[in-house]
Every structure is written in structure tokens, then in C-alpha cells.
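Below is one structure, written out as C-alpha cells; comments come after it.
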Amino acid sequence: MTTLYVLDVPENTPLAKVAGEDPEVTVGRVGPYFEISAAGPIVIDRRATGCRHAVWYSAVGGVARDSHITQHDKDALRVEPA
Amino acid sequence: MTELDHRVQGVDHVAFPTFDPAATVRFYRDVLGFPVVHSICAAGWGPEDHPDFIHFFFDIGNGDRIAFFYYFGTGTEIGGAPGAKGDVYARFGAEVPEFFVRSRHLAIHVDSDEDLLEYRRRLDASDWPVEMQIQHETIESIYTHDPNGYMFEITRAMRPVTPQEDLDANLTIDALLDVVSEPEPTFGKLLARKAELIVERAADWELTRSEQEAGR
């Protein structure tokens, strides 16, 4: 299982939206956070989100202990089962 | 955690030494238009080896002030050997990374994009033009270095801060304190601890908040 949390603020909403376009990915909520989860990897394309770099590199609110970030660069954010 | 009442009222003054009061006055008063609001002309300060000095203040808005000390008869050597990087107060070798040198700085707030661009215009017409204009996460800033080498930022909020950002900041700090209390803190460990705190506290926070809103 892969789970990451992203705070629901205007800059971050495109990130949750792009993540949710993958049919394998579920976007739920815990309080004011998006809870983005999948059985396998979650991959979010930065350009598809339109996030500028300062937003992109500070958008991750939390990553569950059974998951870890394997890529977070100018191209993509990839979170995989640990 | 603690519910201490919060009584402070912002910055009274932040103070720096200068060895070039003429350029400092030009930068803050004549270029930026920050009024001179206070000064102290002191014959030493008690101890015999204390130089005579002028302590002068510029208004940076809200009655807050930036202040400088000019010590007669001193030069930059009083602060130690010259550095390859840094300013007249803090000197660093060439090997010190730029992010570290820039990490300590003063940022002055403006209310709007229009005001930010007005200060950009004033700086660009001076000997200290804007070096960078950057949109960060939720703020946009211009930067230059003042005549003393101090990094100087003016910033505006691109939108108001939302209540959930205060929650997020508190969860971040609680997670940070947890991971730095253990050996070898990493960003990955912080995000894992923060995920746990989000699960524990974020749903309740939203519920409590919506009840408070409804009760108003």
C-alpha cells in the first residue's frame, strides 16, 4: 500500500487532481489533507500539475511508514510501497 | 500544548553595525524612502574602550524599525579577517555554501504586488538593483544586498494564509521535534512521523473547527 498526504491549499489542488487521474489511485480526505493512496506506486507528473518549483518541492505533507519517496525531482514525484 | 497569552507587538528594532553610514542612509532613506525616526549620539557607552557611536533608526512600517550602529574610529577589521562571502558583520570563507550564507536575513512586508513593484522600481534605479524576484510557495519576494552586504528582502503574500496551514505548521513542528530527538534525523523520517500525526489529529481538527464556525 502506498499513501501520501497533501495539504488542501490552492497551490496543491492540481497535484491531487493529477494524482487522481490514475484509475489505480484513490484520493480521499483526512481533515484538510488529501489522502492519496494506491496498492502500488503513485506517480505524479510535475508538468501536468503546472506547479512551480517552490510549490512542487514543498507539497508533500506526509508519507505513511509503509511507503517511501523514490523520486521527487523536476519531472515527477514517485511514491512506492516500502 | 501551552496556552500562554500572546502579548508581544512585532519588531521594535533589529540592529546591525555599519562602516558606511553615508551609503546606508542613501539606501534606506533616499532610495527606499524609509524615514529616519530616531538616533542616539553616544560618547562611548561607559567602558573606556567603547568607541563613540551613532545609533540611527529607519522606520520600516507599523512603527517597526531597522537600526544601525556607526562606531567612530573603527573599520571592518574590528569584526575579524575579511571573508570571501558574507557581510560586514558575518564573514564566511569561499567554501561556505551560498544557501547557508543567505539563510539569515531580514524580510520586510508589503501589502500588494503594486507595492512590491514600486520598491523594485526604486531599487532598480539605484546602485543596489534587485538581484532576484522569486515566487515562493505563497509569497513573492525581491532581493538585493544593502551597502553593508546584508541580504535585504521585500515580500508580499500572494494570498491570505489559510487556517489549515496553521495546523500543518504545528504538525510539522511536532514531527520535527520527534525526529530530532532520535539519532540521524532525515526528511523521510519527518514525513513518516508527520503522516502519523495527520492521521491522529487532522480529522478532529476539522471537526472542531467546523463546530466553532457553526457556533459563531
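We label chains A, B, ... in the order they appear in the C-alpha cells, count residues from 1 in each chain, and number ligands from 1 in the order shown.
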
(request) Run DSSP on the backbone and grab whatever in segment 3-75 of chain A lands in alpha helix (DSSP H); send it over as a ChimeraX atom specification. (result) /A:13-20,46-49,53-56

(request) Starting from chain A, keep only residues with some atom at most 8 Å from an atom of chain B, counting only C-alpha atoms, and report them as a list of chain:residue names. (result) A:Leu4, A:Tyr5, A:Leu7, A:Asp8, A:Val9, A:Glu11, A:Val30, A:Gly31, A:Pro32, A:Tyr33, A:Ala54, A:Val55, A:Ser58, A:Val60, A:Gly61, A:Gly62, A:Val63, A:Ala64, A:Arg65, A:His68, A:Ile69

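A straight line drawn from atom CA of Pro81 of chain A to atom CA of Pro41 of chain A is 6.6 Å long.
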
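Of the listed residues A:Tyr57, A:Thr3, A:Phe34, A:Asp66, the one whose atoms come nearest to Ala16 of chain A is A:Phe34, with distances taken using only C-alpha atoms.
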
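With only C-alpha atoms as the atoms that count, the minimum distance from Cys51 of chain A to the choices A:Ala39, A:Val25, A:Val6, A:Leu15 is reached by A:Leu15.
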
(message) DSSP on the backbone: which residues in chain B end up as strand (DSSP E)? Give the answer as a PyMOL selection string.
(response) chain B and resi 13-17+36-42+53-59+65-71+85-86+91-92+106-109+132-135+139-145+151-157

(message) Would you pick out the contacts of Gly50 of chain A at 12 Å or less, using only C-alpha atoms, so that residues sharing its chain but fewer than 5 positions from it are not included, and give the list as an MDAnalysis selection string?
(response) chainID A and resid 11:18 44:45 55:56 74:76

Those residues you just picked out, can you put them in a file as a tab-separated table (two decimals), in the first residue's frame with N, CA, C and O atoms?
chain	number	residue	atom	x	y	z
A	11	GLU	N	-2.57	26.03	-4.05
A	11	GLU	CA	-1.41	25.65	-4.87
A	11	GLU	C	-1.33	24.14	-5.07
A	11	GLU	O	-0.74	23.67	-6.05
A	12	ASN	N	-1.84	23.37	-4.10
A	12	ASN	CA	-1.65	21.91	-4.14
A	12	ASN	C	-2.78	21.16	-4.83
A	12	ASN	O	-2.62	19.98	-5.12
A	13	THR	N	-3.91	21.82	-5.07
A	13	THR	CA	-5.05	21.08	-5.62
A	13	THR	C	-4.74	20.45	-6.99
A	13	THR	O	-5.18	19.32	-7.23
A	14	PRO	N	-3.96	21.10	-7.87
A	14	PRO	CA	-3.67	20.42	-9.15
A	14	PRO	C	-2.90	19.11	-8.94
A	14	PRO	O	-3.08	18.15	-9.70
A	15	LEU	N	-2.09	19.06	-7.92
A	15	LEU	CA	-1.31	17.86	-7.64
A	15	LEU	C	-2.24	16.68	-7.29
A	15	LEU	O	-2.10	15.58	-7.81
A	16	ALA	N	-3.22	16.96	-6.43
A	16	ALA	CA	-4.17	15.90	-6.06
A	16	ALA	C	-5.01	15.51	-7.27
A	16	ALA	O	-5.32	14.33	-7.49
A	17	LYS	N	-5.37	16.49	-8.09
A	17	LYS	CA	-6.19	16.21	-9.26
A	17	LYS	C	-5.45	15.31	-10.25
A	17	LYS	O	-5.98	14.32	-10.73
A	18	VAL	N	-4.20	15.66	-10.53
A	18	VAL	CA	-3.39	14.86	-11.46
A	18	VAL	C	-3.19	13.45	-10.90
A	18	VAL	O	-3.31	12.46	-11.63
A	44	ILE	N	3.25	11.13	-10.00
A	44	ILE	CA	2.62	12.41	-10.37
A	44	ILE	C	3.61	13.19	-11.23
A	44	ILE	O	4.75	13.44	-10.82
A	45	ASP	N	3.15	13.56	-12.42
A	45	ASP	CA	3.99	14.30	-13.37
A	45	ASP	C	3.95	15.79	-13.02
A	45	ASP	O	2.87	16.38	-12.96
A	55	VAL	N	6.47	25.35	-5.01
A	55	VAL	CA	5.28	24.63	-4.58
A	55	VAL	C	5.53	23.13	-4.67
A	55	VAL	O	5.26	22.36	-3.74
A	56	TRP	N	6.08	22.72	-5.79
A	56	TRP	CA	6.30	21.29	-6.06
A	56	TRP	C	7.15	20.63	-4.98
A	56	TRP	O	6.84	19.55	-4.49
A	74	LYS	N	12.36	17.51	-10.83
A	74	LYS	CA	11.63	18.45	-11.68
A	74	LYS	C	10.64	17.74	-12.61
A	74	LYS	O	9.74	18.37	-13.16
A	75	ASP	N	10.79	16.45	-12.77
A	75	ASP	CA	9.91	15.71	-13.66
A	75	ASP	C	8.71	15.08	-12.95
A	75	ASP	O	7.60	15.14	-13.45
A	76	ALA	N	8.97	14.45	-11.82
A	76	ALA	CA	7.90	13.65	-11.21
A	76	ALA	C	8.11	13.45	-9.72
A	76	ALA	O	9.22	13.58	-9.20

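Our summary of the geometry notes that atom CA of Phe100 of chain B is positioned 14.7 Å from atom CA of Gly149 of chain B.
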